[in-house]
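Next comes run01.tsv, a file with TSV, C-alpha atoms.
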```tsv
chain	number	residue	atom	x	y	z
S	81	MET	CA	-34.63	100.32	60.31
S	82	ASN	CA	-34.67	98.91	56.77
S	83	TYR	CA	-31.69	98.12	54.55
S	84	ILE	CA	-31.91	101.34	52.51
S	85	ARG	CA	-31.91	103.51	55.62
S	86	LEU	CA	-29.00	101.56	57.08
S	87	VAL	CA	-26.87	102.12	53.98
S	88	ARG	CA	-27.97	105.75	53.73
S	89	ASN	CA	-27.32	106.54	57.40
S	90	TYR	CA	-24.20	104.42	57.98
S	91	PRO	CA	-22.46	103.94	54.62
S	92	ASN	CA	-18.97	104.10	56.13
S	93	TYR	CA	-19.63	101.53	58.85
S	94	ILE	CA	-21.43	99.07	56.56
S	95	GLY	CA	-18.66	99.58	54.00
S	96	TYR	CA	-16.05	98.82	56.67
S	97	GLY	CA	-17.73	95.47	57.32
S	98	VAL	CA	-18.07	94.64	53.60
S	99	LEU	CA	-14.42	95.54	53.03
S	100	HIS	CA	-13.16	93.13	55.70
S	101	TYR	CA	-15.42	90.26	54.69
S	102	PHE	CA	-14.38	90.68	51.04
S	103	PHE	CA	-10.62	90.74	51.68
S	104	SER	CA	-10.92	87.75	54.02
S	105	CYS	CA	-11.16	85.70	50.80
S	106	MET	CA	-7.36	85.65	50.58
S	107	GLY	CA	-7.26	83.26	53.52
S	108	GLN	CA	-10.40	81.29	52.65
S	109	THR	CA	-10.30	77.69	51.43
S	110	PHE	CA	-12.15	78.39	48.17
S	111	LEU	CA	-9.43	80.79	46.97
S	112	ILE	CA	-6.40	78.89	48.26
S	113	SER	CA	-7.71	75.70	46.61
S	114	ILE	CA	-7.29	77.36	43.19
S	115	PHE	CA	-3.51	77.40	43.74
S	116	VAL	CA	-3.20	73.78	44.90
S	117	PRO	CA	-2.49	72.29	41.42
S	118	TYR	CA	0.29	74.83	40.93
S	119	PHE	CA	1.80	74.11	44.34
S	120	VAL	CA	1.79	70.40	43.54
S	121	GLU	CA	3.37	71.00	40.13
S	122	ASP	CA	6.11	73.46	41.14
S	123	LEU	CA	6.88	72.60	44.77
S	124	PRO	CA	8.10	69.37	46.40
S	125	VAL	CA	4.60	68.62	47.70
S	126	SER	CA	1.88	66.13	46.73
S	127	ASN	CA	-1.86	66.47	47.18
S	128	ALA	CA	-1.69	64.33	50.33
S	129	SER	CA	1.25	66.22	51.85
S	130	PHE	CA	-0.38	69.55	51.01
S	131	SER	CA	-3.45	68.49	52.98
S	132	VAL	CA	-1.22	67.79	55.98
S	133	VAL	CA	0.60	71.13	55.66
S	134	TYR	CA	-2.70	72.97	55.21
S	135	GLY	CA	-4.18	71.22	58.24
S	136	PHE	CA	-1.25	72.13	60.49
S	137	ALA	CA	-1.30	75.73	59.21
S	138	THR	CA	-5.02	75.96	59.94
S	139	VAL	CA	-4.65	74.57	63.46
S	140	SER	CA	-1.74	76.91	64.18
S	141	SER	CA	-3.68	79.96	63.00
S	142	ALA	CA	-6.66	78.92	65.12
S	143	LEU	CA	-4.51	78.77	68.25
S	144	LEU	CA	-3.33	82.35	67.61
S	145	LEU	CA	-6.81	83.82	67.16
S	146	PRO	CA	-7.65	84.38	70.86
S	147	PHE	CA	-4.67	86.74	71.08
S	148	GLY	CA	-5.92	88.63	68.01
S	149	GLY	CA	-9.44	88.82	69.43
S	150	LYS	CA	-8.21	90.69	72.50
S	151	LEU	CA	-6.73	93.40	70.26
S	152	ILE	CA	-10.20	94.21	68.93
S	153	ASP	CA	-11.50	94.72	72.47
S	154	GLN	CA	-8.54	96.86	73.56
S	155	HIS	CA	-7.52	99.06	70.58
S	156	PRO	CA	-9.24	101.35	68.04
S	157	LEU	CA	-10.48	99.44	65.01
S	158	ARG	CA	-8.66	101.43	62.34
S	159	TYR	CA	-5.25	100.60	63.88
S	160	VAL	CA	-6.08	96.90	64.14
S	161	SER	CA	-7.27	96.97	60.51
S	162	ILE	CA	-4.02	98.54	59.34
S	163	GLY	CA	-2.01	95.89	61.19
S	164	VAL	CA	-4.12	93.04	59.81
S	165	GLY	CA	-3.92	94.48	56.28
S	166	LEU	CA	-0.13	94.69	56.46
S	167	GLY	CA	0.06	91.17	57.90
S	168	LEU	CA	-2.12	89.70	55.15
S	169	SER	CA	-0.15	91.55	52.47
S	170	LEU	CA	3.10	90.06	53.81
S	171	ALA	CA	1.40	86.64	53.94
S	172	CYS	CA	0.53	86.88	50.23
S	173	LEU	CA	4.08	87.98	49.43
S	174	LEU	CA	5.60	85.16	51.49
S	175	THR	CA	3.38	82.58	49.76
S	176	SER	CA	4.44	83.90	46.35
S	177	PHE	CA	8.06	83.04	47.22
S	178	ALA	CA	7.28	79.54	48.49
S	179	SER	CA	9.88	77.14	47.16
S	180	ASN	CA	9.73	74.46	49.86
S	181	ILE	CA	7.38	73.10	52.50
S	182	PRO	CA	8.53	75.32	55.45
S	183	ILE	CA	7.96	78.56	53.51
S	184	LEU	CA	4.66	77.25	52.19
S	185	PHE	CA	3.59	76.35	55.72
S	186	PHE	CA	4.30	79.81	57.14
S	187	GLY	CA	2.65	81.41	54.12
S	188	LEU	CA	-0.51	79.36	54.60
S	189	LEU	CA	-0.49	79.92	58.37
S	190	SER	CA	-0.31	83.71	57.84
S	191	LEU	CA	-3.02	83.64	55.18
S	192	ARG	CA	-5.36	81.67	57.43
S	193	PHE	CA	-4.68	83.81	60.52
S	194	PHE	CA	-4.87	87.27	58.95
S	195	GLY	CA	-7.39	86.37	56.22
S	196	GLN	CA	-9.93	83.79	57.32
S	197	GLY	CA	-9.40	84.60	61.00
S	198	MET	CA	-8.75	88.27	61.76
S	199	MET	CA	-10.48	89.84	58.73
S	200	VAL	CA	-13.78	88.10	59.47
S	201	LEU	CA	-13.36	88.70	63.21
S	202	LEU	CA	-12.85	92.42	62.64
S	203	GLY	CA	-15.76	92.78	60.23
S	204	SER	CA	-18.27	90.81	62.30
S	205	THR	CA	-17.27	92.04	65.77
S	206	SER	CA	-17.26	95.72	64.83
S	207	ILE	CA	-20.71	95.53	63.26
S	208	ALA	CA	-22.24	93.30	65.94
S	209	ARG	CA	-21.18	95.51	68.85
S	210	TYR	CA	-22.14	98.86	67.24
S	211	PHE	CA	-25.53	98.01	65.67
S	212	GLU	CA	-27.55	96.72	68.60
S	213	LEU	CA	-31.11	97.27	67.36
S	214	ALA	CA	-30.49	96.44	63.69
S	215	ARG	CA	-27.72	93.92	64.26
S	216	GLY	CA	-29.11	91.25	61.92
S	217	LYS	CA	-29.63	93.56	58.94
S	218	SER	CA	-26.30	95.28	59.47
S	219	LEU	CA	-24.44	91.97	59.58
S	220	SER	CA	-26.31	90.70	56.52
S	221	LEU	CA	-25.23	93.75	54.51
S	222	SER	CA	-21.64	93.64	55.76
S	223	SER	CA	-21.19	89.92	55.23
S	224	MET	CA	-22.16	90.38	51.56
S	225	GLY	CA	-18.48	90.97	51.00
S	226	LEU	CA	-17.61	87.27	51.25
S	227	PRO	CA	-20.20	85.86	48.79
S	228	LEU	CA	-19.25	88.67	46.39
S	229	ALA	CA	-15.64	87.50	46.63
S	230	GLU	CA	-16.74	83.87	46.21
S	231	SER	CA	-18.63	84.80	43.03
S	232	PHE	CA	-15.97	86.92	41.31
S	233	MET	CA	-12.51	86.31	42.77
S	234	PRO	CA	-11.99	82.76	41.37
S	235	ILE	CA	-12.40	84.10	37.83
S	236	ALA	CA	-10.10	87.04	38.59
S	237	ILE	CA	-7.46	84.76	40.16
S	238	ILE	CA	-7.49	82.37	37.20
S	239	SER	CA	-7.03	85.36	34.86
S	240	MET	CA	-4.14	86.68	36.97
S	241	ILE	CA	-2.47	83.26	37.00
S	242	GLY	CA	-2.80	83.05	33.22
S	243	TYR	CA	-1.21	86.49	32.84
S	244	ALA	CA	1.45	86.54	35.58
S	245	GLY	CA	1.72	82.99	36.94
S	246	TRP	CA	0.64	81.78	40.37
S	247	ALA	CA	3.39	83.66	42.20
S	248	GLY	CA	2.52	86.85	40.33
S	249	ALA	CA	-1.12	86.42	41.34
S	250	TRP	CA	-0.19	86.32	45.04
S	251	GLN	CA	1.99	89.40	44.59
S	252	ALA	CA	-0.90	91.23	42.92
S	253	LEU	CA	-3.09	90.40	45.90
S	254	ALA	CA	-0.41	91.76	48.25
S	255	VAL	CA	-0.35	95.04	46.32
S	256	ALA	CA	-4.17	95.24	46.34
S	257	LEU	CA	-4.15	95.09	50.14
S	258	LEU	CA	-1.67	97.97	50.33
S	259	LEU	CA	-3.35	100.16	47.73
S	260	ILE	CA	-7.04	99.37	48.34
S	261	PHE	CA	-7.74	97.74	51.69
S	262	ILE	CA	-5.56	99.84	54.01
S	263	PRO	CA	-6.46	103.27	52.53
S	264	LEU	CA	-10.18	102.40	52.58
S	265	SER	CA	-9.96	101.19	56.20
S	266	ILE	CA	-8.51	104.57	57.18
S	267	MET	CA	-11.04	106.55	55.13
S	268	LEU	CA	-14.13	104.65	56.33
S	269	VAL	CA	-13.45	105.04	60.07
S	270	ASN	CA	-12.00	108.36	61.20
S	271	ARG	CA	-9.92	108.76	64.33
S	272	ASN	CA	-12.75	110.04	66.57
S	273	SER	CA	-15.52	107.84	65.18
S	274	GLU	CA	-18.04	106.43	67.66
S	275	PHE	CA	-17.92	103.21	65.63
S	276	GLN	CA	-14.49	102.25	66.93
S	277	ARG	CA	-15.18	103.24	70.53
S	278	ILE	CA	-14.52	100.40	72.98
S	279	PRO	CA	-17.86	99.72	74.73
S	280	GLU	CA	-18.19	100.05	78.47
S	281	THR	CA	-18.98	96.98	80.56
S	282	LYS	CA	-22.59	96.39	81.65
S	283	GLY	CA	-22.49	94.81	85.08
S	284	GLU	CA	-24.92	93.11	87.36
S	285	GLU	CA	-27.27	96.10	87.25
S	286	ALA	CA	-28.43	95.08	83.76
S	287	THR	CA	-32.01	93.85	83.92
S	288	SER	CA	-34.22	91.79	81.66
S	289	SER	CA	-35.49	95.02	80.07
S	290	GLN	CA	-31.96	96.17	79.26
S	291	THR	CA	-29.21	94.97	77.01
S	292	THR	CA	-27.68	91.60	77.91
S	293	LYS	CA	-25.15	91.76	80.75
S	294	ASP	CA	-21.55	91.75	79.56
S	295	VAL	CA	-19.78	88.50	80.43
S	296	SER	CA	-16.02	87.93	80.25
S	297	ARG	CA	-14.35	85.09	78.38
S	298	GLY	CA	-13.43	83.37	81.64
S	299	GLN	CA	-17.07	83.41	82.77
S	300	VAL	CA	-18.18	82.06	79.39
S	301	LEU	CA	-15.82	79.11	79.77
S	302	ARG	CA	-17.57	78.25	83.06
S	303	ASP	CA	-21.03	78.35	81.47
S	304	TRP	CA	-22.30	74.90	80.46
S	305	LYS	CA	-24.57	76.30	77.71
S	306	PHE	CA	-21.50	77.46	75.80
S	307	TYR	CA	-20.49	73.82	75.28
S	308	MET	CA	-24.01	72.92	74.10
S	309	ILE	CA	-23.96	75.73	71.52
S	310	ILE	CA	-20.49	74.99	70.13
S	311	PRO	CA	-21.40	71.77	68.20
S	312	GLY	CA	-23.99	73.73	66.22
S	313	LEU	CA	-21.39	76.32	65.27
S	314	ILE	CA	-18.45	74.09	64.35
S	315	PHE	CA	-20.28	71.46	62.29
S	316	LEU	CA	-20.76	73.62	59.21
S	317	PRO	CA	-17.13	74.80	58.84
S	318	PHE	CA	-16.03	71.21	59.53
S	319	PHE	CA	-18.32	69.77	56.85
S	320	ILE	CA	-18.14	72.53	54.22
S	321	THR	CA	-14.34	72.74	54.28
S	322	GLY	CA	-14.07	68.96	53.95
S	323	ILE	CA	-16.52	68.57	51.10
S	324	PHE	CA	-15.31	71.66	49.20
S	325	ILE	CA	-11.65	70.60	49.32
S	326	HIS	CA	-12.71	67.16	48.06
S	327	GLN	CA	-15.45	68.22	45.67
S	328	ASN	CA	-13.66	66.21	42.99
S	329	LEU	CA	-14.54	63.05	44.96
S	330	LEU	CA	-18.20	64.08	45.13
S	331	ALA	CA	-18.14	64.76	41.39
S	332	GLU	CA	-16.55	61.40	40.62
S	333	ALA	CA	-19.06	59.52	42.76
S	334	ASN	CA	-21.94	61.08	40.81
S	335	GLY	CA	-20.43	61.30	37.33
S	336	TRP	CA	-20.22	65.12	37.27
S	337	THR	CA	-17.42	67.19	35.74
S	338	MET	CA	-15.35	69.68	37.73
S	339	GLN	CA	-16.46	72.38	35.29
S	340	TRP	CA	-20.06	71.73	36.33
S	341	MET	CA	-19.11	71.84	40.02
S	342	ALA	CA	-17.45	75.21	39.43
S	343	THR	CA	-20.65	76.43	37.75
S	344	CYS	CA	-22.63	75.32	40.79
S	345	PHE	CA	-20.63	77.75	42.92
S	346	VAL	CA	-22.56	80.53	41.18
S	347	GLY	CA	-25.73	79.11	42.73
S	348	PHE	CA	-23.94	78.87	46.07
S	349	GLY	CA	-22.86	82.52	45.97
S	350	LEU	CA	-26.22	83.87	44.77
S	351	SER	CA	-28.15	81.94	47.41
S	352	ARG	CA	-25.86	83.38	50.08
S	353	ILE	CA	-26.51	86.91	48.87
S	354	ILE	CA	-30.31	86.45	48.77
S	355	THR	CA	-30.37	84.67	52.12
S	356	ASN	CA	-28.30	87.45	53.67
S	357	LEU	CA	-30.94	90.03	52.79
S	358	VAL	CA	-33.81	87.93	54.11
S	359	ALA	CA	-32.10	86.49	57.18
S	360	GLY	CA	-30.90	89.83	58.51
S	361	ALA	CA	-34.47	91.05	58.93
S	362	VAL	CA	-35.55	87.68	60.35
S	363	ILE	CA	-32.82	87.80	63.01
S	364	ASP	CA	-33.83	91.32	64.01
S	365	VAL	CA	-37.44	90.18	64.47
S	366	PHE	CA	-37.00	86.70	65.98
S	367	SER	CA	-33.38	86.84	67.32
S	368	ALA	CA	-30.28	84.91	66.27
S	369	ARG	CA	-30.98	82.31	68.96
S	370	LYS	CA	-34.15	81.13	67.24
S	371	VAL	CA	-32.56	81.09	63.78
S	372	PHE	CA	-29.60	79.17	65.21
S	373	ILE	CA	-31.88	76.21	65.99
S	374	ILE	CA	-32.85	75.64	62.34
S	375	TYR	CA	-29.95	77.03	60.32
S	376	LEU	CA	-28.42	73.60	59.52
S	377	LEU	CA	-31.67	72.13	58.16
S	378	PRO	CA	-31.34	73.54	54.58
S	379	LEU	CA	-27.97	71.72	54.32
S	380	ALA	CA	-29.59	68.50	55.55
S	381	ILE	CA	-32.25	68.83	52.82
S	382	GLY	CA	-29.52	69.51	50.25
S	383	LEU	CA	-27.66	66.38	51.29
S	384	ALA	CA	-30.89	64.38	51.04
S	385	VAL	CA	-31.24	65.71	47.47
S	386	LEU	CA	-27.81	64.27	46.65
S	387	LEU	CA	-29.08	60.84	47.69
S	388	ALA	CA	-32.02	61.11	45.26
S	389	GLY	CA	-29.97	60.36	42.14
S	390	HIS	CA	-27.06	61.41	39.94
S	391	HIS	CA	-28.59	64.06	37.68
S	392	ARG	CA	-26.25	67.03	37.51
S	393	TRP	CA	-28.94	69.55	38.47
S	394	LEU	CA	-29.15	67.88	41.87
S	395	ALA	CA	-25.66	69.27	42.49
S	396	MET	CA	-26.96	72.78	41.80
S	397	VAL	CA	-29.88	72.32	44.21
S	398	TYR	CA	-27.50	71.00	46.86
S	399	MET	CA	-25.13	73.96	46.42
S	400	ILE	CA	-27.99	76.47	46.63
S	401	LEU	CA	-29.23	74.93	49.89
S	402	ALA	CA	-25.68	74.75	51.23
S	403	GLY	CA	-25.39	78.45	50.44
S	404	VAL	CA	-28.51	79.15	52.49
S	405	THR	CA	-27.05	77.39	55.53
S	406	SER	CA	-23.65	79.01	55.01
S	407	SER	CA	-25.23	82.47	55.00
S	408	LEU	CA	-27.34	81.75	58.08
S	409	SER	CA	-24.24	80.42	59.84
S	410	GLY	CA	-22.27	83.62	59.35
S	411	LEU	CA	-25.12	85.83	60.53
S	412	THR	CA	-26.17	83.79	63.55
S	413	SER	CA	-22.62	83.18	64.81
S	414	ALA	CA	-21.90	86.90	64.64
S	415	SER	CA	-25.09	87.87	66.51
S	416	LEU	CA	-25.50	84.94	68.87
S	417	TRP	CA	-22.65	85.74	71.24
S	418	ALA	CA	-23.69	89.39	71.46
S	419	GLU	CA	-27.26	88.39	72.35
S	420	ILE	CA	-26.20	85.95	75.05
S	421	TYR	CA	-22.98	87.40	76.48
S	422	GLY	CA	-23.05	91.13	75.62
S	423	VAL	CA	-20.61	93.18	73.52
S	424	ARG	CA	-17.86	94.42	75.87
S	425	TYR	CA	-15.77	91.25	75.50
S	426	LEU	CA	-17.22	90.25	72.13
S	427	GLY	CA	-13.87	90.15	70.33
S	428	ALA	CA	-12.35	87.80	72.91
S	429	ILE	CA	-15.42	85.54	73.02
S	430	LYS	CA	-15.79	85.40	69.23
S	431	SER	CA	-12.09	84.69	68.75
S	432	MET	CA	-12.35	81.77	71.18
S	433	ALA	CA	-15.36	80.36	69.32
S	434	THR	CA	-13.67	81.05	65.98
S	435	THR	CA	-10.62	79.11	67.15
S	436	LEU	CA	-12.79	76.05	67.69
S	437	MET	CA	-14.46	76.57	64.30
S	438	VAL	CA	-11.12	76.86	62.51
S	439	LEU	CA	-9.81	73.78	64.30
S	440	SER	CA	-12.82	71.90	62.93
S	441	THR	CA	-11.86	72.98	59.40
S	442	ALA	CA	-8.51	71.25	59.88
S	443	LEU	CA	-10.28	67.95	60.64
S	444	GLY	CA	-12.91	68.29	57.94
S	445	PRO	CA	-10.75	67.47	54.90
S	446	VAL	CA	-9.37	64.35	56.59
S	447	VAL	CA	-12.68	62.92	57.85
S	448	ILE	CA	-14.90	63.92	54.91
S	449	GLY	CA	-12.20	63.02	52.39
S	450	TYR	CA	-11.89	59.50	53.81
S	451	GLY	CA	-15.66	59.08	53.89
S	452	LEU	CA	-16.22	60.25	50.31
S	453	SER	CA	-13.34	58.07	49.07
S	454	HIS	CA	-14.66	54.86	50.64
S	455	HIS	CA	-18.35	55.25	51.55
S	456	PRO	CA	-19.85	58.37	49.89
S	457	ASP	CA	-23.53	57.54	50.52
S	458	ALA	CA	-22.90	56.49	54.12
S	459	THR	CA	-20.97	59.72	54.71
S	460	ILE	CA	-23.94	61.77	53.52
S	461	TRP	CA	-26.39	59.76	55.63
S	462	ILE	CA	-24.24	60.16	58.74
S	463	SER	CA	-24.00	63.90	58.09
S	464	ILE	CA	-27.79	64.22	57.87
S	465	VAL	CA	-28.27	62.34	61.16
S	466	ALA	CA	-25.57	64.47	62.81
S	467	ILE	CA	-27.33	67.66	61.70
S	468	LEU	CA	-30.64	66.51	63.17
S	469	MET	CA	-29.00	65.59	66.49
S	470	ILE	CA	-27.09	68.87	66.66
S	471	SER	CA	-30.28	70.83	65.91
S	472	ILE	CA	-32.02	69.16	68.88
S	473	LEU	CA	-29.05	69.99	71.12
S	474	SER	CA	-29.12	73.61	69.89
S	475	TRP	CA	-32.84	73.83	70.67
S	476	LEU	CA	-32.24	72.60	74.22
S	477	SER	CA	-29.42	75.08	74.84
S	478	VAL	CA	-31.25	78.05	73.34
S	479	ARG	CA	-34.48	77.21	75.21
S	480	LYS	CA	-32.51	77.32	78.46
S	481	THR	CA	-31.00	80.65	77.45
S	482	PHE	CA	-34.43	82.17	76.78
S	483	SER	CA	-35.68	80.94	80.14
S	484	GLU	CA	-32.95	83.07	81.74
S	485	ARG	CA	-34.14	86.21	79.86
S	486	GLY	CA	-31.07	86.48	77.65
S	487	THR	CA	-28.49	86.48	80.44
S	488	VAL	CA	-26.05	83.81	81.45
S	489	ALA	CA	-25.68	82.16	84.81
S	490	VAL	CA	-22.05	81.75	85.74
S	491	SER	CA	-20.40	80.16	88.71
```
Would you mind writing the structure in this file as structure tokens?
Amino acid sequence: MNYIRLVRNYPNYIGYGVLHYFFSCMGQTFLISIFVPYFVEDLPVSNASFSVVYGFATVSSALLLPFGGKLIDQHPLRYVSIGVGLGLSLACLLTSFASNIPILFFGLLSLRFFGQGMMVLLGSTSIARYFELARGKSLSLSSMGLPLAESFMPIAIISMIGYAGWAGAWQALAVALLLIFIPLSIMLVNRNSEFQRIPETKGEEATSSQTTKDVSRGQVLRDWKFYMIIPGLIFLPFFITGIFIHQNLLAEANGWTMQWMATCFVGFGLSRIITNLVAGAVIDVFSARKVFIIYLLPLAIGLAVLLAGHHRWLAMVYMILAGVTSSLSGLTSASLWAEIYGVRYLGAIKSMATTLMVLSTALGPVVIGYGLSHHPDATIWISIVAILMISILSWLSVRKTFSERGTVAVS
């Protein structure tokens, strides 16, 4: 099934995915980072202390995600969406009233949990478990919501801050969730929709010619291949979060302005959109497992480009290639678990993996920030070597998975 037929036949379901990916931006690093200068100016917090608060909030939200993942497996999607929408709206409102570090911490924790965590988990899990044959294309269309937000929301947020102040901007986002996100979530998935049906478990009778056997989260934790796959999934959020938060250090090391770095985000967003369209079809033909082996390589090439000199267009090339890897990451991570472990417990499994990914984002700013501050070239070289080693490990784990015909051996 091609993209046009998918949109024509399932506009509500694809729209549901796009909606959740788009509104996840309110808990994403790229949007929160816009407010950091205002937090530092108006609150009793410095750049360094904000990094600590943000790190603790991120870790705390990650630890809560497994509980949220179970809700997706146990309750109709539209009710979970309403709850998440209300939670994220309250998170925006709480952040707008931040006047000290404790309130700021709980605001950031709520934004990260309901935004970056549950919104993406809802959008990706719902699409991955419903669209079995066209999973890659469906996820590529749905995940367009995030690069669209990355391309347009920073400009909108800056305009809102200029008009209503930073607190007013958060309050406007809270209202948008109540007036746009929640009504659309209800309209796109009706009460009796097959889309929100909780899938039945496929047991031992599943054969190599059938869909992958459904495996519980406890069984996954006893599977050694899970631990070989995880490094390939957590490296990108670890690295991207660290280098994006400290993009000013990268700019200083190469003599670039922050205005130029902001312009390069256009290349990042556009490359994600284009890659989404191409990669979805590739995953459907070759499987997410094969794409997973190579998805980090465009980022490695982009980092090698940074080592080639200091011309400002090298930053644009790097951001475009980083966008390619970022897009492939979102698509493969959403499809990979469904291919290997089935869809019945997909929410619980994905939330567990997402917890580890979010935890890595808490470490990224500290490790990458230190490296760029003291040894920028060495940090880039080490990152390239790490990518190559992780890609080899991913190949070994995926090769073993294929040898077992897409099922998992558990003890």
Minimum-distance residue to Ser206 in chain S, chosen among S:Gln276, S:Ser477, S:Asn328, S:Ser453 (using only C-alpha atoms):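 Closest residue, counting only C-alpha atoms: S:Gln276.
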Once you count all atoms listed in the file, what closest atom pair and distance in Å to one decimal does each residue of range 290-403 of chain S within 12 Å of range 130-142 of chain S have, with rows by chain and rising residue number, as JSON lines?
```
{"residue": "S:Phe318", "atom": "CA", "partner": "S:Gly135", "partner_atom": "CA", "distance": 11.9}
{"residue": "S:Thr321", "atom": "CA", "partner": "S:Gly135", "partner_atom": "CA", "distance": 11.0}
{"residue": "S:Gly322", "atom": "CA", "partner": "S:Ser131", "partner_atom": "CA", "distance": 10.7}
{"residue": "S:Ile325", "atom": "CA", "partner": "S:Ser131", "partner_atom": "CA", "distance": 9.2}
{"residue": "S:His326", "atom": "CA", "partner": "S:Ser131", "partner_atom": "CA", "distance": 10.6}
```
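Nearest residue to Ser113 in chain S, choosing from S:Thr355, S:Gln299, S:Asn127, S:Asn180 and counting only C-alpha atoms: S:Asn127.
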Proximity to Ile470 in chain S - best of S:Pro311, S:Gly389, S:Pro117, S:Gly335, all atoms listed in the file: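 Among the listed residues, S:Pro311 lies closest to Ile470 in chain S.
Here CA of Gly107 in chain S and CA of Cys172 in chain S stand 9.2 Å from one another.
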Between CA of Ala331 in chain S and CA of Leu228 in chain S - distance in Å to one decimal: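 Rounded to one decimal, the two atoms are 24.5 Å apart.
Among the candidate residues S:Asn89, S:Met437, S:Ser407, S:Phe115, the one lying nearest to Ile310 in chain S is S:Met437, with distances computed using all atoms listed in the file.
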Given all atoms listed in the file as the counted atoms, nearest of S:Ser169, S:Thr337, S:Thr441, S:Ser431 to Leu316 in chain S: S:Thr441
Two-atom distance - CA of Phe193 in chain S, CA of Leu144 in chain S (Å): 7.4 Å
Selection near range 250-264 of chain S, 10 Å with all atoms listed in the file, sequence-local residues under 4 positions removed, as a PyMOL selection string: chain S and resi 92+95-96+99-100+102-103+106+115+158-159+161-177+237+240-241+244-246+268-269
Per residue of range 293-391 of chain S within 12 Å of range 413-423 of chain S, which atom pair is closest and at what distance in Å (one decimal), using all atoms listed in the file, listed by chain and increasing number, as JSON lines?
```
{"residue": "S:Lys293", "atom": "CA", "partner": "S:Gly422", "partner_atom": "CA", "distance": 5.6}
{"residue": "S:Asp294", "atom": "CA", "partner": "S:Gly422", "partner_atom": "CA", "distance": 4.3}
{"residue": "S:Val295", "atom": "CA", "partner": "S:Tyr421", "partner_atom": "CA", "distance": 5.2}
{"residue": "S:Ser296", "atom": "CA", "partner": "S:Tyr421", "partner_atom": "CA", "distance": 7.9}
{"residue": "S:Arg297", "atom": "CA", "partner": "S:Tyr421", "partner_atom": "CA", "distance": 9.1}
{"residue": "S:Gly298", "atom": "CA", "partner": "S:Tyr421", "partner_atom": "CA", "distance": 11.6}
{"residue": "S:Gln299", "atom": "CA", "partner": "S:Tyr421", "partner_atom": "CA", "distance": 9.5}
{"residue": "S:Val300", "atom": "CA", "partner": "S:Tyr421", "partner_atom": "CA", "distance": 7.7}
{"residue": "S:Leu301", "atom": "CA", "partner": "S:Tyr421", "partner_atom": "CA", "distance": 11.4}
{"residue": "S:Asp303", "atom": "CA", "partner": "S:Tyr421", "partner_atom": "CA", "distance": 10.5}
{"residue": "S:Lys305", "atom": "CA", "partner": "S:Ile420", "partner_atom": "CA", "distance": 10.1}
{"residue": "S:Phe306", "atom": "CA", "partner": "S:Trp417", "partner_atom": "CA", "distance": 9.5}
{"residue": "S:Ile309", "atom": "CA", "partner": "S:Leu416", "partner_atom": "CA", "distance": 9.7}
{"residue": "S:Ile310", "atom": "CA", "partner": "S:Ser413", "partner_atom": "CA", "distance": 10.0}
{"residue": "S:Pro311", "atom": "CA", "partner": "S:Ser413", "partner_atom": "CA", "distance": 12.0}
{"residue": "S:Gly312", "atom": "CA", "partner": "S:Ser413", "partner_atom": "CA", "distance": 9.7}
{"residue": "S:Leu313", "atom": "CA", "partner": "S:Ser413", "partner_atom": "CA", "distance": 7.0}
{"residue": "S:Ile314", "atom": "CA", "partner": "S:Ser413", "partner_atom": "CA", "distance": 10.0}
{"residue": "S:Leu316", "atom": "CA", "partner": "S:Ser413", "partner_atom": "CA", "distance": 11.2}
{"residue": "S:Pro317", "atom": "CA", "partner": "S:Ser413", "partner_atom": "CA", "distance": 11.7}
{"residue": "S:Ala359", "atom": "CA", "partner": "S:Ser415", "partner_atom": "CA", "distance": 11.8}
{"residue": "S:Gly360", "atom": "CA", "partner": "S:Ser415", "partner_atom": "CA", "distance": 10.1}
{"residue": "S:Ile363", "atom": "CA", "partner": "S:Ser415", "partner_atom": "CA", "distance": 8.5}
{"residue": "S:Asp364", "atom": "CA", "partner": "S:Ser415", "partner_atom": "CA", "distance": 9.7}
{"residue": "S:Phe366", "atom": "CA", "partner": "S:Glu419", "partner_atom": "CA", "distance": 11.8}
{"residue": "S:Ser367", "atom": "CA", "partner": "S:Glu419", "partner_atom": "CA", "distance": 8.1}
{"residue": "S:Ala368", "atom": "CA", "partner": "S:Leu416", "partner_atom": "CA", "distance": 5.4}
{"residue": "S:Arg369", "atom": "CA", "partner": "S:Leu416", "partner_atom": "CA", "distance": 6.1}
{"residue": "S:Lys370", "atom": "CA", "partner": "S:Leu416", "partner_atom": "CA", "distance": 9.6}
{"residue": "S:Val371", "atom": "CA", "partner": "S:Leu416", "partner_atom": "CA", "distance": 9.5}
{"residue": "S:Phe372", "atom": "CA", "partner": "S:Leu416", "partner_atom": "CA", "distance": 8.0}
{"residue": "S:Ile373", "atom": "CA", "partner": "S:Leu416", "partner_atom": "CA", "distance": 11.2}
{"residue": "S:Tyr375", "atom": "CA", "partner": "S:Ser413", "partner_atom": "CA", "distance": 10.6}
```
Please determine an axis-aligned box that encloses all atoms of range 157-165 of chain S listed in the file, with 4 Å added on each side, and express its centre and edge lengths in Å to one decimal as JSON.
```
{"center_x": -6.2, "center_y": 97.2, "center_z": 60.6, "size_x": 16.5, "size_y": 16.4, "size_z": 16.7}
```
Closest of S:Ser218, S:Tyr101, S:Lys150, S:Val385 to Ile460 in chain S - atom-to-atom distances counting all atoms listed in the file: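 Looking at the shortest contact to Ile460 in chain S, the residue is S:Val385.
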Radius query 8 Å about (-23.6, 76.9, 45.2), atoms used: only C-alpha atoms, as number ranges by chain: S: 344-351, 396-403
